[in-house]
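Raw run_18.cif, mmCIF, C-alpha atoms:
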```cif
data_start
loop_
_atom_site.group_PDB
_atom_site.id
_atom_site.type_symbol
_atom_site.label_atom_id
_atom_site.label_comp_id
_atom_site.auth_asym_id
_atom_site.auth_seq_id
_atom_site.Cartn_x
_atom_site.Cartn_y
_atom_site.Cartn_z
ATOM 1 C CA MET W 872 22.675 19.877 -0.859
ATOM 2 C CA ALA W 873 20.486 20.734 2.086
ATOM 3 C CA SER W 874 19.484 17.800 4.244
ATOM 4 C CA THR W 875 15.821 16.939 4.642
ATOM 5 C CA VAL W 876 14.611 16.923 8.225
ATOM 6 C CA ARG W 877 11.816 14.468 8.897
ATOM 7 C CA PRO W 878 8.915 15.642 11.034
ATOM 8 C CA TRP W 879 8.726 13.757 14.312
ATOM 9 C CA TYR W 880 5.758 11.653 13.237
ATOM 10 C CA ALA W 881 7.682 10.306 10.217
ATOM 11 C CA GLU W 882 10.665 9.153 12.260
ATOM 12 C CA ARG W 883 11.229 5.397 12.098
ATOM 13 C CA VAL W 884 11.240 3.820 15.552
ATOM 14 C CA PRO W 885 11.965 0.234 16.625
ATOM 15 C CA LEU W 886 9.016 -2.110 17.128
ATOM 16 C CA GLY W 887 10.069 -3.749 20.376
ATOM 17 C CA ARG W 888 12.763 -6.383 19.920
ATOM 18 C CA SER W 889 11.622 -7.424 16.441
ATOM 19 C CA GLY W 890 14.045 -5.508 14.255
ATOM 20 C CA VAL W 891 11.069 -3.965 12.457
ATOM 21 C CA THR W 892 10.656 -0.190 12.415
ATOM 22 C CA VAL W 893 7.501 1.888 11.986
ATOM 23 C CA SER W 894 6.842 5.569 11.522
ATOM 24 C CA CYS W 895 5.563 7.122 14.755
ATOM 25 C CA LEU W 896 2.332 7.978 12.952
ATOM 26 C CA GLY W 897 0.763 5.124 11.017
ATOM 27 C CA LEU W 898 -2.230 5.086 8.696
ATOM 28 C CA GLY W 899 -5.129 2.824 9.610
ATOM 29 C CA THR W 900 -7.016 1.691 6.523
ATOM 30 C CA ALA W 901 -10.414 0.822 8.019
ATOM 31 C CA PRO W 902 -11.955 4.004 6.557
ATOM 32 C CA LEU W 903 -10.616 3.026 3.127
ATOM 33 C CA GLY W 904 -12.593 -0.194 3.532
ATOM 34 C CA GLY W 905 -15.783 1.834 3.936
ATOM 35 C CA LEU W 906 -16.032 2.214 7.712
ATOM 36 C CA PHE W 907 -19.279 4.125 8.370
ATOM 37 C CA SER W 908 -19.599 5.170 4.705
ATOM 38 C CA ALA W 909 -18.310 4.110 1.302
ATOM 39 C CA VAL W 910 -15.103 5.535 -0.185
ATOM 40 C CA GLY W 911 -14.410 5.437 -3.921
ATOM 41 C CA ASP W 912 -11.269 3.940 -5.467
ATOM 42 C CA ARG W 913 -9.946 7.318 -6.606
ATOM 43 C CA GLU W 914 -10.420 8.937 -3.207
ATOM 44 C CA ALA W 915 -8.790 5.951 -1.482
ATOM 45 C CA ALA W 916 -5.770 6.185 -3.778
ATOM 46 C CA ALA W 917 -5.483 9.932 -3.148
ATOM 47 C CA THR W 918 -5.585 9.313 0.600
ATOM 48 C CA LEU W 919 -2.753 6.807 0.420
ATOM 49 C CA GLU W 920 -0.726 9.106 -1.825
ATOM 50 C CA ALA W 921 -1.190 11.994 0.616
ATOM 51 C CA ALA W 922 -0.060 9.799 3.506
ATOM 52 C CA TRP W 923 3.075 8.778 1.629
ATOM 53 C CA ALA W 924 3.830 12.370 0.640
ATOM 54 C CA ALA W 925 3.486 13.409 4.283
ATOM 55 C CA GLY W 926 6.133 10.869 5.313
ATOM 56 C CA ILE W 927 3.896 8.196 6.812
ATOM 57 C CA ARG W 928 5.514 4.807 6.265
ATOM 58 C CA TYR W 929 3.468 2.451 8.417
ATOM 59 C CA PHE W 930 0.194 1.120 7.038
ATOM 60 C CA ASP W 931 -2.185 -1.128 8.979
ATOM 61 C CA THR W 932 -4.904 -3.157 7.271
ATOM 62 C CA ALA W 933 -7.042 -6.284 7.760
ATOM 63 C CA PRO W 934 -9.410 -8.596 5.856
ATOM 64 C CA HIS W 935 -12.169 -7.263 8.118
ATOM 65 C CA TYR W 936 -11.913 -3.757 6.662
ATOM 66 C CA GLY W 937 -14.489 -3.716 3.896
ATOM 67 C CA ALA W 938 -14.346 -7.494 3.474
ATOM 68 C CA GLY W 939 -10.951 -7.276 1.797
ATOM 69 C CA LEU W 940 -11.433 -3.892 0.149
ATOM 70 C CA ALA W 941 -8.825 -2.071 2.253
ATOM 71 C CA GLU W 942 -6.194 -4.766 1.675
ATOM 72 C CA ARG W 943 -6.764 -4.652 -2.051
ATOM 73 C CA ARG W 944 -6.578 -0.873 -2.223
ATOM 74 C CA LEU W 945 -3.428 -0.692 -0.113
ATOM 75 C CA GLY W 946 -1.777 -3.422 -2.174
ATOM 76 C CA THR W 947 -2.672 -1.687 -5.438
ATOM 77 C CA PHE W 948 -1.130 1.512 -4.138
ATOM 78 C CA LEU W 949 2.097 -0.109 -2.978
ATOM 79 C CA THR W 950 2.613 -2.317 -6.027
ATOM 80 C CA GLY W 951 1.373 -0.036 -8.774
ATOM 81 C CA THR W 952 2.592 3.471 -8.018
ATOM 82 C CA GLY W 953 6.351 3.093 -7.886
ATOM 83 C CA HIS W 954 6.693 3.620 -4.151
ATOM 84 C CA PRO W 955 9.465 1.322 -2.856
ATOM 85 C CA ARG W 956 7.960 -1.441 -0.748
ATOM 86 C CA SER W 957 11.192 -1.600 1.234
ATOM 87 C CA GLU W 958 10.599 1.931 2.522
ATOM 88 C CA CYS W 959 7.412 1.118 4.409
ATOM 89 C CA THR W 960 6.056 -1.313 6.989
ATOM 90 C CA VAL W 961 2.728 -3.077 6.492
ATOM 91 C CA SER W 962 0.637 -5.025 8.980
ATOM 92 C CA THR W 963 -2.430 -7.143 8.409
ATOM 93 C CA LYS W 964 -4.482 -9.397 10.635
ATOM 94 C CA VAL W 965 -5.809 -12.942 10.960
ATOM 95 C CA GLY W 966 -8.898 -14.353 12.648
ATOM 96 C CA ARG W 967 -11.587 -13.538 10.110
ATOM 97 C CA LEU W 968 -11.879 -15.470 6.855
ATOM 98 C CA LEU W 969 -13.850 -14.118 3.922
ATOM 99 C CA VAL W 970 -16.223 -16.515 2.207
ATOM 100 C CA PRO W 971 -18.848 -16.096 -0.525
ATOM 101 C CA GLY W 972 -22.180 -14.937 0.820
ATOM 102 C CA ASP W 973 -24.786 -12.214 0.792
ATOM 103 C CA PRO W 974 -23.628 -9.500 3.217
ATOM 104 C CA ILE W 975 -25.990 -7.098 4.904
ATOM 105 C CA LEU W 976 -25.471 -3.511 3.723
ATOM 106 C CA GLY W 977 -23.344 -1.750 6.314
ATOM 107 C CA GLU W 978 -22.642 -4.979 8.198
ATOM 108 C CA GLU W 979 -20.337 -4.322 11.157
ATOM 109 C CA ASN W 980 -20.346 -0.631 10.134
ATOM 110 C CA PHE W 981 -18.607 -1.349 6.818
ATOM 111 C CA HIS W 982 -19.830 -0.518 3.348
ATOM 112 C CA GLY W 983 -17.393 -2.680 1.442
ATOM 113 C CA GLU W 984 -16.979 -5.368 -1.131
ATOM 114 C CA PRO W 985 -20.188 -7.225 -2.054
ATOM 115 C CA GLY W 986 -20.492 -10.982 -2.177
ATOM 116 C CA LEU W 987 -18.268 -11.776 0.818
ATOM 117 C CA VAL W 988 -19.042 -12.398 4.473
ATOM 118 C CA ARG W 989 -16.778 -12.855 7.468
ATOM 119 C CA ILE W 990 -16.399 -16.006 9.541
ATOM 120 C CA ARG W 991 -14.243 -16.262 12.658
ATOM 121 C CA ASP W 992 -11.377 -18.736 12.487
ATOM 122 C CA TYR W 993 -8.400 -18.630 14.864
ATOM 123 C CA SER W 994 -7.131 -22.123 14.051
ATOM 124 C CA THR W 995 -3.686 -22.897 12.657
ATOM 125 C CA GLU W 996 -5.212 -23.726 9.287
ATOM 126 C CA GLY W 997 -7.299 -20.560 9.410
ATOM 127 C CA VAL W 998 -4.201 -18.423 9.951
ATOM 128 C CA TYR W 999 -2.378 -19.956 6.993
ATOM 129 C CA ARG W 1000 -5.412 -19.583 4.764
ATOM 130 C CA SER W 1001 -6.114 -16.019 5.886
ATOM 131 C CA LEU W 1002 -2.554 -14.901 5.303
ATOM 132 C CA ALA W 1003 -2.351 -16.598 1.901
ATOM 133 C CA GLU W 1004 -5.580 -14.925 0.819
ATOM 134 C CA SER W 1005 -4.406 -11.539 2.116
ATOM 135 C CA LEU W 1006 -1.206 -11.858 0.088
ATOM 136 C CA GLU W 1007 -3.158 -12.772 -3.025
ATOM 137 C CA ARG W 1008 -5.713 -10.023 -2.453
ATOM 138 C CA SER W 1009 -3.095 -7.319 -1.910
ATOM 139 C CA GLY W 1010 -0.530 -8.516 -4.434
ATOM 140 C CA LEU W 1011 2.226 -8.080 -1.854
ATOM 141 C CA ASP W 1012 5.061 -10.573 -1.443
ATOM 142 C CA ALA W 1013 4.932 -10.448 2.365
ATOM 143 C CA PHE W 1014 3.576 -8.601 5.368
ATOM 144 C CA ASP W 1015 6.014 -7.262 7.936
ATOM 145 C CA ILE W 1016 3.651 -7.601 10.916
ATOM 146 C CA VAL W 1017 0.708 -9.974 11.398
ATOM 147 C CA LEU W 1018 -1.739 -9.483 14.250
ATOM 148 C CA ILE W 1019 -4.382 -11.784 15.721
ATOM 149 C CA HIS W 1020 -7.545 -9.712 15.320
ATOM 150 C CA ASP W 1021 -10.199 -9.350 18.034
ATOM 151 C CA PRO W 1022 -10.091 -12.852 19.601
ATOM 152 C CA ASP W 1023 -12.377 -11.654 22.432
ATOM 153 C CA ASP W 1024 -14.516 -14.804 22.613
ATOM 154 C CA ASN W 1025 -11.862 -17.148 21.231
ATOM 155 C CA TRP W 1026 -8.983 -17.150 23.717
ATOM 156 C CA LYS W 1027 -8.367 -20.898 23.668
ATOM 157 C CA GLU W 1028 -8.332 -21.260 19.889
ATOM 158 C CA ALA W 1029 -6.265 -18.102 19.468
ATOM 159 C CA VAL W 1030 -3.600 -19.081 21.997
ATOM 160 C CA THR W 1031 -3.372 -22.735 20.890
ATOM 161 C CA GLY W 1032 -3.940 -22.221 17.154
ATOM 162 C CA ALA W 1033 -3.335 -18.724 15.826
ATOM 163 C CA TYR W 1034 -0.446 -17.776 18.104
ATOM 164 C CA PRO W 1035 1.699 -20.903 17.509
ATOM 165 C CA ALA W 1036 1.067 -20.584 13.766
ATOM 166 C CA LEU W 1037 2.292 -16.989 13.736
ATOM 167 C CA ALA W 1038 5.251 -17.846 15.978
ATOM 168 C CA ARG W 1039 6.213 -20.555 13.476
ATOM 169 C CA LEU W 1040 5.923 -18.144 10.554
ATOM 170 C CA ARG W 1041 8.118 -15.675 12.443
ATOM 171 C CA ALA W 1042 10.732 -18.328 13.176
ATOM 172 C CA GLU W 1043 10.747 -19.282 9.489
ATOM 173 C CA GLY W 1044 11.164 -15.656 8.427
ATOM 174 C CA ALA W 1045 7.839 -15.510 6.585
ATOM 175 C CA VAL W 1046 6.752 -12.616 8.808
ATOM 176 C CA ARG W 1047 9.020 -10.324 10.784
ATOM 177 C CA ALA W 1048 6.853 -9.508 13.804
ATOM 178 C CA ILE W 1049 3.665 -10.824 15.396
ATOM 179 C CA GLY W 1050 1.136 -9.440 17.803
ATOM 180 C CA VAL W 1051 -2.504 -9.051 18.777
ATOM 181 C CA GLY W 1052 -4.920 -6.222 18.005
ATOM 182 C CA MET W 1053 -7.973 -5.639 20.219
ATOM 183 C CA ASN W 1054 -10.340 -3.057 21.671
ATOM 184 C CA GLN W 1055 -9.839 -4.349 25.220
ATOM 185 C CA THR W 1056 -6.906 -4.579 27.622
ATOM 186 C CA ALA W 1057 -7.501 -7.669 29.803
ATOM 187 C CA MET W 1058 -6.913 -10.260 27.097
ATOM 188 C CA LEU W 1059 -4.106 -8.237 25.534
ATOM 189 C CA THR W 1060 -2.349 -8.241 28.902
ATOM 190 C CA ARG W 1061 -2.810 -11.981 29.121
ATOM 191 C CA PHE W 1062 -1.284 -12.460 25.665
ATOM 192 C CA VAL W 1063 1.678 -10.287 26.639
ATOM 193 C CA THR W 1064 2.339 -12.203 29.854
ATOM 194 C CA GLU W 1065 1.675 -15.732 28.539
ATOM 195 C CA THR W 1066 3.132 -15.642 24.997
ATOM 196 C CA ASP W 1067 6.082 -14.108 23.156
ATOM 197 C CA LEU W 1068 4.686 -11.158 21.209
ATOM 198 C CA ASP W 1069 6.554 -8.387 19.453
ATOM 199 C CA CYS W 1070 3.735 -5.860 19.694
ATOM 200 C CA VAL W 1071 0.129 -5.125 20.536
ATOM 201 C CA LEU W 1072 -2.293 -2.791 18.825
ATOM 202 C CA VAL W 1073 -4.726 -1.492 21.431
ATOM 203 C CA ALA W 1074 -7.653 0.498 20.086
ATOM 204 C CA GLY W 1075 -9.590 3.027 22.116
ATOM 205 C CA ARG W 1076 -8.254 2.023 25.513
ATOM 206 C CA TYR W 1077 -5.475 4.574 25.816
ATOM 207 C CA SER W 1078 -7.090 7.853 24.920
ATOM 208 C CA LEU W 1079 -8.187 11.084 26.549
ATOM 209 C CA LEU W 1080 -11.522 9.406 27.257
ATOM 210 C CA ASP W 1081 -10.243 6.011 28.392
ATOM 211 C CA ARG W 1082 -6.810 5.509 29.958
ATOM 212 C CA SER W 1083 -7.433 1.960 31.152
ATOM 213 C CA ALA W 1084 -4.465 0.510 29.230
ATOM 214 C CA ALA W 1085 -2.162 2.321 31.649
ATOM 215 C CA ASP W 1086 -3.322 0.175 34.567
ATOM 216 C CA GLU W 1087 -1.860 -3.209 33.566
ATOM 217 C CA LEU W 1088 -1.251 -3.481 29.816
ATOM 218 C CA LEU W 1089 1.318 -0.735 29.317
ATOM 219 C CA PRO W 1090 3.420 -1.733 32.355
ATOM 220 C CA ALA W 1091 3.377 -5.376 31.207
ATOM 221 C CA CYS W 1092 4.514 -4.362 27.731
ATOM 222 C CA ALA W 1093 7.273 -2.147 29.094
ATOM 223 C CA GLU W 1094 8.546 -4.954 31.340
ATOM 224 C CA ARG W 1095 8.702 -7.437 28.443
ATOM 225 C CA GLU W 1096 9.828 -4.991 25.726
ATOM 226 C CA VAL W 1097 6.620 -5.498 23.760
ATOM 227 C CA ALA W 1098 5.880 -2.529 21.518
ATOM 228 C CA VAL W 1099 2.557 -0.737 21.925
ATOM 229 C CA LEU W 1100 0.736 0.741 18.954
ATOM 230 C CA VAL W 1101 -2.304 2.794 19.894
ATOM 231 C CA GLY W 1102 -5.293 2.983 17.591
ATOM 232 C CA GLY W 1103 -8.667 4.580 18.106
ATOM 233 C CA VAL W 1104 -7.135 7.779 19.477
ATOM 234 C CA PHE W 1105 -10.405 9.573 18.661
ATOM 235 C CA ASN W 1106 -12.471 6.721 20.177
ATOM 236 C CA SER W 1107 -13.963 6.040 16.736
ATOM 237 C CA GLY W 1108 -14.827 9.671 16.151
ATOM 238 C CA ILE W 1109 -16.030 11.694 19.110
ATOM 239 C CA LEU W 1110 -12.659 13.264 19.940
ATOM 240 C CA ALA W 1111 -12.439 14.559 16.373
ATOM 241 C CA ASN W 1112 -16.114 15.411 15.931
ATOM 242 C CA LEU W 1113 -18.334 16.521 18.799
ATOM 243 C CA GLY W 1114 -21.376 16.943 16.568
ATOM 244 C CA ALA W 1115 -24.787 15.371 17.038
ATOM 245 C CA ASP W 1116 -23.662 12.313 15.047
ATOM 246 C CA ALA W 1117 -20.579 11.696 17.212
ATOM 247 C CA THR W 1118 -19.620 8.045 17.659
ATOM 248 C CA TYR W 1119 -17.863 6.329 20.556
ATOM 249 C CA ASP W 1120 -16.597 2.772 20.187
ATOM 250 C CA TYR W 1121 -18.332 2.503 16.799
ATOM 251 C CA ALA W 1122 -21.796 3.390 18.146
ATOM 252 C CA PRO W 1123 -23.677 6.619 18.895
ATOM 253 C CA ALA W 1124 -21.922 8.337 21.797
ATOM 254 C CA PRO W 1125 -23.724 8.095 25.179
ATOM 255 C CA GLU W 1126 -24.575 11.409 26.821
ATOM 256 C CA ALA W 1127 -22.090 10.904 29.673
ATOM 257 C CA VAL W 1128 -19.276 10.370 27.164
ATOM 258 C CA ARG W 1129 -20.348 13.457 25.213
ATOM 259 C CA CYS W 1130 -20.235 15.524 28.416
ATOM 260 C CA HIS W 1131 -16.738 14.258 29.236
ATOM 261 C CA ALA W 1132 -15.534 14.989 25.706
ATOM 262 C CA LEU W 1133 -17.024 18.477 25.894
ATOM 263 C CA ALA W 1134 -15.151 19.150 29.133
ATOM 264 C CA LEU W 1135 -11.921 18.008 27.467
ATOM 265 C CA SER W 1136 -12.643 20.251 24.503
ATOM 266 C CA GLU W 1137 -13.197 23.255 26.753
ATOM 267 C CA ARG W 1138 -9.844 22.697 28.490
ATOM 268 C CA CYS W 1139 -8.141 22.459 25.098
ATOM 269 C CA ALA W 1140 -9.865 25.577 23.772
ATOM 270 C CA ALA W 1141 -8.701 27.538 26.799
ATOM 271 C CA HIS W 1142 -5.136 26.846 25.647
ATOM 272 C CA GLY W 1143 -5.804 27.438 21.950
ATOM 273 C CA VAL W 1144 -5.469 23.748 21.053
ATOM 274 C CA ALA W 1145 -7.856 21.583 19.051
ATOM 275 C CA LEU W 1146 -9.235 18.619 20.985
ATOM 276 C CA ALA W 1147 -8.278 16.277 18.134
ATOM 277 C CA ALA W 1148 -4.653 17.463 18.289
ATOM 278 C CA ALA W 1149 -4.427 16.657 21.988
ATOM 279 C CA ALA W 1150 -6.152 13.319 21.383
ATOM 280 C CA LEU W 1151 -3.689 12.327 18.675
ATOM 281 C CA GLN W 1152 -0.596 13.293 20.650
ATOM 282 C CA PHE W 1153 -1.735 12.085 24.069
ATOM 283 C CA PRO W 1154 -0.759 8.371 23.794
ATOM 284 C CA LEU W 1155 2.820 9.187 22.821
ATOM 285 C CA ARG W 1156 3.432 10.802 26.196
ATOM 286 C CA HIS W 1157 3.640 7.321 27.727
ATOM 287 C CA PRO W 1158 7.128 5.761 27.442
ATOM 288 C CA ALA W 1159 5.699 2.326 26.591
ATOM 289 C CA VAL W 1160 3.936 3.619 23.466
ATOM 290 C CA THR W 1161 5.802 3.223 20.183
ATOM 291 C CA GLY W 1162 3.371 4.908 17.810
ATOM 292 C CA VAL W 1163 -0.199 5.823 16.993
ATOM 293 C CA VAL W 1164 -2.317 4.540 14.120
ATOM 294 C CA VAL W 1165 -4.901 6.981 12.794
ATOM 295 C CA GLY W 1166 -7.418 6.315 10.056
ATOM 296 C CA ALA W 1167 -8.323 8.646 7.188
ATOM 297 C CA ARG W 1168 -10.741 8.492 4.272
ATOM 298 C CA SER W 1169 -9.481 11.441 2.217
ATOM 299 C CA ALA W 1170 -6.343 13.403 1.421
ATOM 300 C CA GLN W 1171 -7.866 16.299 3.343
ATOM 301 C CA GLU W 1172 -8.099 14.157 6.478
ATOM 302 C CA ILE W 1173 -4.414 13.268 6.101
ATOM 303 C CA THR W 1174 -3.618 16.993 6.007
ATOM 304 C CA VAL W 1175 -5.719 17.571 9.119
ATOM 305 C CA ASN W 1176 -4.140 14.640 10.989
ATOM 306 C CA VAL W 1177 -0.644 15.863 10.168
ATOM 307 C CA ALA W 1178 -1.570 19.341 11.397
ATOM 308 C CA HIS W 1179 -2.826 17.820 14.641
ATOM 309 C CA ALA W 1180 0.357 15.761 14.962
ATOM 310 C CA THR W 1181 2.561 18.826 14.604
ATOM 311 C CA ALA W 1182 0.509 21.209 16.749
ATOM 312 C CA THR W 1183 2.296 22.679 19.744
ATOM 313 C CA ILE W 1184 0.684 21.625 23.003
ATOM 314 C CA PRO W 1185 1.788 23.398 26.192
ATOM 315 C CA GLU W 1186 2.584 21.377 29.271
ATOM 316 C CA GLU W 1187 -0.035 23.403 31.110
ATOM 317 C CA LEU W 1188 -2.740 21.827 28.951
ATOM 318 C CA TRP W 1189 -1.515 18.300 29.656
ATOM 319 C CA ALA W 1190 -1.613 19.140 33.362
ATOM 320 C CA ALA W 1191 -5.167 20.464 32.993
ATOM 321 C CA LEU W 1192 -6.293 17.338 31.149
ATOM 322 C CA ASP W 1193 -4.610 15.113 33.726
ATOM 323 C CA ALA W 1194 -6.385 17.017 36.484
ATOM 324 C CA LEU W 1195 -9.724 16.536 34.731
ATOM 325 C CA GLU W 1196 -9.023 12.797 34.555
ATOM 326 C CA GLN W 1197 -8.255 12.679 38.272
ATOM 327 C CA ASP W 1198 -11.415 14.633 39.097
ATOM 328 C CA GLY W 1199 -13.464 12.092 37.135
ATOM 329 C CA ARG W 1200 -12.131 9.094 39.053
#
```
Please lay out the structure from this file as structure tokens.
Amino acid sequence: MASTVRPWYAERVPLGRSGVTVSCLGLGTAPLGGLFSAVGDREAAATLEAAWAAGIRYFDTAPHYGAGLAERRLGTFLTGTGHPRSECTVSTKVGRLLVPGDPILGEENFHGEPGLVRIRDYSTEGVYRSLAESLERSGLDAFDIVLIHDPDDNWKEAVTGAYPALARLRAEGAVRAIGVGMNQTAMLTRFVTETDLDCVLVAGRYSLLDRSAADELLPACAEREVAVLVGGVFNSGILANLGADATYDYAPAPEAVRCHALALSERCAAHGVALAAAALQFPLRHPAVTGVVVGARSAQEITVNVAHATATIPEELWAALDALEQDGR
């Protein structure tokens, strides 16, 4: 019988010192929670099925994504379709509790589950409650990785409440790895240097448009063997879509950012490479980066992302993009 060769993005790689493994390419489920626009149940299920068929075995979710909608859809897929749970790795997040309320349509860019609103809670009790509710919502028996989510204005509560709670759950074997997920690098670096994390998920700060994570965060993670997962490789859209509606950091892209992205696109085109392909593969060039997490809202987007992941990118293009970065400094 011929052996099956996994594509590089489906290879399972160690997550720091945790003993957990993830596929190099993970699926972010924010779009399945209705990020920017609503997604139907059938389309969400087809997206997850396409990801599984492509070999993706790491799935990242959070209560924040559609006020629980993404967690529920991912859990339904993993528990109801016959795919072995033991073959994949799942992460969720703590820091936002969902409570009954009247949400504003499109609140925080999500078009998700009605009747629930988010409240911030990074306390010990909040972590236990959030995780219990995520388990119930998803129908899963456990999450492999749990991340503290966006504690930007809540350092003290997160480091004295959420972190010790997750460390305790890890010591007890209730979760296998813990970390922090943010859109900034300064506080992530502080977590890495002042606590005992297994991983960080840094969104948008190690991309073709913003390499700031390379200054302090990535070296700190490499020194302490903390795994780095990179999200937001398209900076919330612009590196995959340069149209008039392009978004950067979840808002309409400023003109200066659009000009920079256009220059990147022109360099890529000169080498016959799609800008999105270079954007997806770029973070993995750094030795501290374990994997990338890319969102999708349809099976077609999974196909496109896989094509970008497997595109051949000549070293000459990387040199040209690096030179453009140096010229912009």
Can you give me, as an mmCIF file with C-alpha atoms, keeping the file's coordinate frame, the residues this file yields under the PyMOL selection byres ((chain W and resi 1109-1111) around 10)?
```
data_model
loop_
_atom_site.group_PDB
_atom_site.id
_atom_site.type_symbol
_atom_site.label_atom_id
_atom_site.label_comp_id
_atom_site.auth_asym_id
_atom_site.auth_seq_id
_atom_site.Cartn_x
_atom_site.Cartn_y
_atom_site.Cartn_z
ATOM 1 C CA SER W 1078 -7.090 7.853 24.920
ATOM 2 C CA LEU W 1079 -8.187 11.084 26.549
ATOM 3 C CA LEU W 1080 -11.522 9.406 27.257
ATOM 4 C CA GLY W 1103 -8.667 4.580 18.106
ATOM 5 C CA VAL W 1104 -7.135 7.779 19.477
ATOM 6 C CA PHE W 1105 -10.405 9.573 18.661
ATOM 7 C CA ASN W 1106 -12.471 6.721 20.177
ATOM 8 C CA SER W 1107 -13.963 6.040 16.736
ATOM 9 C CA GLY W 1108 -14.827 9.671 16.151
ATOM 10 C CA ASN W 1112 -16.114 15.411 15.931
ATOM 11 C CA LEU W 1113 -18.334 16.521 18.799
ATOM 12 C CA GLY W 1114 -21.376 16.943 16.568
ATOM 13 C CA ALA W 1115 -24.787 15.371 17.038
ATOM 14 C CA ASP W 1116 -23.662 12.313 15.047
ATOM 15 C CA ALA W 1117 -20.579 11.696 17.212
ATOM 16 C CA THR W 1118 -19.620 8.045 17.659
ATOM 17 C CA TYR W 1119 -17.863 6.329 20.556
ATOM 18 C CA ASP W 1120 -16.597 2.772 20.187
ATOM 19 C CA TYR W 1121 -18.332 2.503 16.799
ATOM 20 C CA PRO W 1123 -23.677 6.619 18.895
ATOM 21 C CA ALA W 1124 -21.922 8.337 21.797
ATOM 22 C CA VAL W 1128 -19.276 10.370 27.164
ATOM 23 C CA ARG W 1129 -20.348 13.457 25.213
ATOM 24 C CA ALA W 1132 -15.534 14.989 25.706
ATOM 25 C CA LEU W 1133 -17.024 18.477 25.894
ATOM 26 C CA LEU W 1135 -11.921 18.008 27.467
ATOM 27 C CA SER W 1136 -12.643 20.251 24.503
ATOM 28 C CA ALA W 1145 -7.856 21.583 19.051
ATOM 29 C CA LEU W 1146 -9.235 18.619 20.985
ATOM 30 C CA ALA W 1147 -8.278 16.277 18.134
ATOM 31 C CA ALA W 1148 -4.653 17.463 18.289
ATOM 32 C CA ALA W 1149 -4.427 16.657 21.988
ATOM 33 C CA ALA W 1150 -6.152 13.319 21.383
ATOM 34 C CA LEU W 1151 -3.689 12.327 18.675
ATOM 35 C CA ASN W 1176 -4.140 14.640 10.989
#
```
Considering all atoms listed in the file, give me a table of residues in range 945-1010 of chain W that are at most 12 Å from range 1038-1048 of chain W, with the closest atom pair and distance in Å for each, as a Markdown table.
```
| residue | atom | partner | partner_atom | distance |
| --- | --- | --- | --- | --- |
| W:Thr960 | CA | W:Arg1047 | CA | 10.2 |
| W:Val961 | CA | W:Arg1047 | CA | 10.5 |
| W:Ser962 | CA | W:Ala1048 | CA | 9.1 |
| W:Thr963 | CA | W:Val1046 | CA | 10.7 |
| W:Lys964 | CA | W:Ala1048 | CA | 11.8 |
| W:Thr995 | CA | W:Arg1039 | CA | 10.2 |
| W:Val998 | CA | W:Leu1040 | CA | 10.1 |
| W:Tyr999 | CA | W:Leu1040 | CA | 9.2 |
| W:Leu1002 | CA | W:Val1046 | CA | 10.2 |
| W:Ala1003 | CA | W:Ala1045 | CA | 11.3 |
| W:Leu1006 | CA | W:Ala1045 | CA | 11.7 |
```
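CA of Gly1050 in chain W sits 28.2 Å away from CA of Gly951 in chain W.
What separates CA of Gly897 in chain W from CA of Trp879 in chain W is a distance of 12.2 Å.
Interatomic distance, CA of Ile1019 in chain W to CA of Ala933 in chain W: 10.0 Å.
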Name all residues at most 10 Å from range 1060-1070 of chain W (count all atoms listed in the file; drop same-chain ones fewer than 3 positions away) and give them as a ChimeraX atom specification. /W:886-891,1016-1018,1026,1029-1030,1034-1035,1037-1038,1047-1052,1055-1057,1073,1084,1087-1092,1094-1100,1161
Would you mind exporting C-alpha atoms of the selected residues as a tab-separated table (two decimals), in the coordinates of the input?
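Generated output (out34.tsv):
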```
chain	number	residue	atom	x	y	z
W	886	LEU	CA	9.02	-2.11	17.13
W	887	GLY	CA	10.07	-3.75	20.38
W	888	ARG	CA	12.76	-6.38	19.92
W	889	SER	CA	11.62	-7.42	16.44
W	890	GLY	CA	14.04	-5.51	14.26
W	891	VAL	CA	11.07	-3.96	12.46
W	1016	ILE	CA	3.65	-7.60	10.92
W	1017	VAL	CA	0.71	-9.97	11.40
W	1018	LEU	CA	-1.74	-9.48	14.25
W	1026	TRP	CA	-8.98	-17.15	23.72
W	1029	ALA	CA	-6.26	-18.10	19.47
W	1030	VAL	CA	-3.60	-19.08	22.00
W	1034	TYR	CA	-0.45	-17.78	18.10
W	1035	PRO	CA	1.70	-20.90	17.51
W	1037	LEU	CA	2.29	-16.99	13.74
W	1038	ALA	CA	5.25	-17.85	15.98
W	1047	ARG	CA	9.02	-10.32	10.78
W	1048	ALA	CA	6.85	-9.51	13.80
W	1049	ILE	CA	3.66	-10.82	15.40
W	1050	GLY	CA	1.14	-9.44	17.80
W	1051	VAL	CA	-2.50	-9.05	18.78
W	1052	GLY	CA	-4.92	-6.22	18.00
W	1055	GLN	CA	-9.84	-4.35	25.22
W	1056	THR	CA	-6.91	-4.58	27.62
W	1057	ALA	CA	-7.50	-7.67	29.80
W	1073	VAL	CA	-4.73	-1.49	21.43
W	1084	ALA	CA	-4.46	0.51	29.23
W	1087	GLU	CA	-1.86	-3.21	33.57
W	1088	LEU	CA	-1.25	-3.48	29.82
W	1089	LEU	CA	1.32	-0.74	29.32
W	1090	PRO	CA	3.42	-1.73	32.35
W	1091	ALA	CA	3.38	-5.38	31.21
W	1092	CYS	CA	4.51	-4.36	27.73
W	1094	GLU	CA	8.55	-4.95	31.34
W	1095	ARG	CA	8.70	-7.44	28.44
W	1096	GLU	CA	9.83	-4.99	25.73
W	1097	VAL	CA	6.62	-5.50	23.76
W	1098	ALA	CA	5.88	-2.53	21.52
W	1099	VAL	CA	2.56	-0.74	21.92
W	1100	LEU	CA	0.74	0.74	18.95
W	1161	THR	CA	5.80	3.22	20.18
```
